[in-house]
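Undergrad: Sharing protein-v1.pdb here; it has PDB, C-alpha atoms.
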ATOM      1  CA  MET A 277      43.912  23.530 -38.540
ATOM      2  CA  ARG A 278      45.084  26.568 -36.613
ATOM      3  CA  GLU A 279      42.722  28.876 -38.526
ATOM      4  CA  LYS A 280      39.786  26.515 -37.990
ATOM      5  CA  LEU A 281      40.436  26.313 -34.245
ATOM      6  CA  SER A 282      40.776  30.096 -34.062
ATOM      7  CA  SER A 283      37.425  30.570 -35.812
ATOM      8  CA  GLN A 284      35.898  28.446 -33.031
ATOM      9  CA  GLY A 285      37.474  30.641 -30.346
ATOM     10  CA  ILE A 286      40.191  28.100 -29.496
ATOM     11  CA  GLN A 287      43.612  29.642 -28.967
ATOM     12  CA  THR A 288      46.684  27.798 -30.281
ATOM     13  CA  GLU A 289      50.372  28.607 -30.319
ATOM     14  CA  VAL A 290      53.366  27.374 -32.292
ATOM     15  CA  TYR A 291      56.087  26.791 -29.703
ATOM     16  CA  TYR A 292      58.809  25.711 -32.104
ATOM     17  CA  PRO A 293      58.485  27.687 -35.368
ATOM     18  CA  ARG A 294      62.005  26.707 -36.462
ATOM     19  CA  ALA A 295      63.595  23.283 -36.345
ATOM     20  CA  MET A 296      66.511  23.059 -33.911
ATOM     21  CA  HIS A 297      69.110  22.666 -36.669
ATOM     22  CA  ASP A 298      67.851  25.872 -38.351
ATOM     23  CA  GLN A 299      68.763  27.962 -35.317
ATOM     24  CA  GLU A 300      71.980  29.956 -35.411
ATOM     25  CA  CYS A 301      73.659  28.040 -32.602
ATOM     26  CA  PHE A 302      73.542  24.760 -34.568
ATOM     27  CA  THR A 303      75.318  23.808 -37.778
ATOM     28  CA  LYS A 304      73.100  22.570 -40.571
ATOM     29  CA  PRO A 305      74.355  19.328 -42.157
ATOM     30  CA  GLN A 306      74.100  18.788 -45.918
ATOM     31  CA  ASN A 307      71.091  16.457 -45.751
ATOM     32  CA  GLY A 308      69.103  18.571 -43.293
ATOM     33  CA  PHE A 309      66.446  17.144 -41.016
ATOM     34  CA  PRO A 310      63.284  16.809 -43.117
ATOM     35  CA  PHE A 311      61.191  15.238 -40.321
ATOM     36  CA  ALA A 312      62.033  18.049 -37.876
ATOM     37  CA  GLU A 313      61.280  20.630 -40.571
ATOM     38  CA  CYS A 314      57.917  18.979 -41.245
ATOM     39  CA  LEU A 315      56.996  19.070 -37.553
ATOM     40  CA  THR A 316      57.579  22.828 -37.319
ATOM     41  CA  HIS A 317      54.607  23.252 -39.672
ATOM     42  CA  GLU A 318      52.298  20.674 -38.069
ATOM     43  CA  ILE A 319      52.514  20.840 -34.266
ATOM     44  CA  LEU A 320      50.164  23.133 -32.356
ATOM     45  CA  ALA A 321      49.886  23.743 -28.635
ATOM     46  CA  LEU A 322      46.472  24.063 -27.007
ATOM     47  CA  PRO A 323      45.923  26.278 -23.961
ATOM     48  CA  LEU A 324      45.664  24.278 -20.741
ATOM     49  CA  LEU A 325      45.850  27.082 -18.193
ATOM     50  CA  GLU A 326      43.504  28.653 -15.702
ATOM     51  CA  SER A 327      42.209  30.745 -18.606
ATOM     52  CA  PHE A 328      41.138  27.532 -20.352
ATOM     53  CA  ASN A 329      37.548  27.858 -21.570
ATOM     54  CA  PRO A 330      35.445  25.219 -19.749
ATOM     55  CA  ARG A 331      33.821  23.813 -22.902
ATOM     56  CA  PRO A 332      33.190  20.079 -22.955
ATOM     57  CA  HIS A 333      36.525  18.430 -23.777
ATOM     58  CA  GLY A 334      34.983  16.633 -26.738
ATOM     59  CA  GLU A 335      34.825  19.963 -28.568
ATOM     60  CA  TYR A 336      38.602  20.256 -28.322
ATOM     61  CA  PHE A 337      39.832  16.692 -28.500
ATOM     62  CA  SER A 338      37.499  14.733 -30.743
TER
END
The structure in this file should be written as structure tokens.

TA:
Amino acid sequence: MREKLSSQGIQTEVYYPRAMHDQECFTKPQNGFPFAECLTHEILALPLLESFNPRPHGEYFS
């Protein structure tokens, strides 16, 4: 998805590339957190700043 959006000139960012329990300040339990790990590969952030391209919103959010 990120590559497709980029090819259309739509910037994205991954805000949380590592699940919280994978960070050094947390201890990882034996069973892990599979849902949190899955989300680190699926959630993208879209730019909603003053630099936001004024395309019709349907191009971004359909």

Undergrad: Suppose you want the space between CA of Leu320 in chain A and CA of Asn307 in chain A; what is it in Å?

TA: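 Answer for the CA of Leu320 in chain A to CA of Asn307 in chain A separation: 25.7 Å.
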
Undergrad: What lies within 9 Å of Val290 in chain A using all atoms listed in the file, ignoring chain neighbours under 4 positions off, as a list of chain:residue names?

TA: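 The filter keeps A:Thr316, A:His317, A:Glu318, A:Ile319, A:Leu320, A:Ala321.
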
Undergrad: Next, write the just-selected residues to a file, as a PDB file, keeping the file's coordinate frame, keeping C-alpha atoms as the atom set.

TA:
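Listing of part-v6.pdb after writing:
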ATOM      1  CA  THR A 316      57.579  22.828 -37.319  1.00  0.00           C
ATOM      2  CA  HIS A 317      54.607  23.252 -39.672  1.00  0.00           C
ATOM      3  CA  GLU A 318      52.298  20.674 -38.069  1.00  0.00           C
ATOM      4  CA  ILE A 319      52.514  20.840 -34.266  1.00  0.00           C
ATOM      5  CA  LEU A 320      50.164  23.133 -32.356  1.00  0.00           C
ATOM      6  CA  ALA A 321      49.886  23.743 -28.635  1.00  0.00           C
TER       7      ALA A 321
END

Undergrad: Show me, as a list in words, the residues that have an atom within 12 Å of Ser282 in chain A when counting only C-alpha atoms, minus same-chain residues fewer than 4 positions from it.

TA: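 Answer for this query is Met277, Arg278, Ile286, Gln287, Thr288, Glu289, Leu320, Leu322, Pro323 and Tyr336 of chain A.
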
Undergrad: Just the number, please: distance in Å from CA of Leu324 in chain A to CA of Tyr292 in chain A, one decimal.

TA: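 For CA of Leu324 in chain A relative to CA of Tyr292 in chain A, the distance reads 17.4 Å.
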
Undergrad: Please indicate the distance in Å from CA of Met296 in chain A to CA of Leu315 in chain A, rounded to one decimal place.

TA: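 Computed distance, CA of Met296 in chain A to CA of Leu315 in chain A, equals 10.9 Å.
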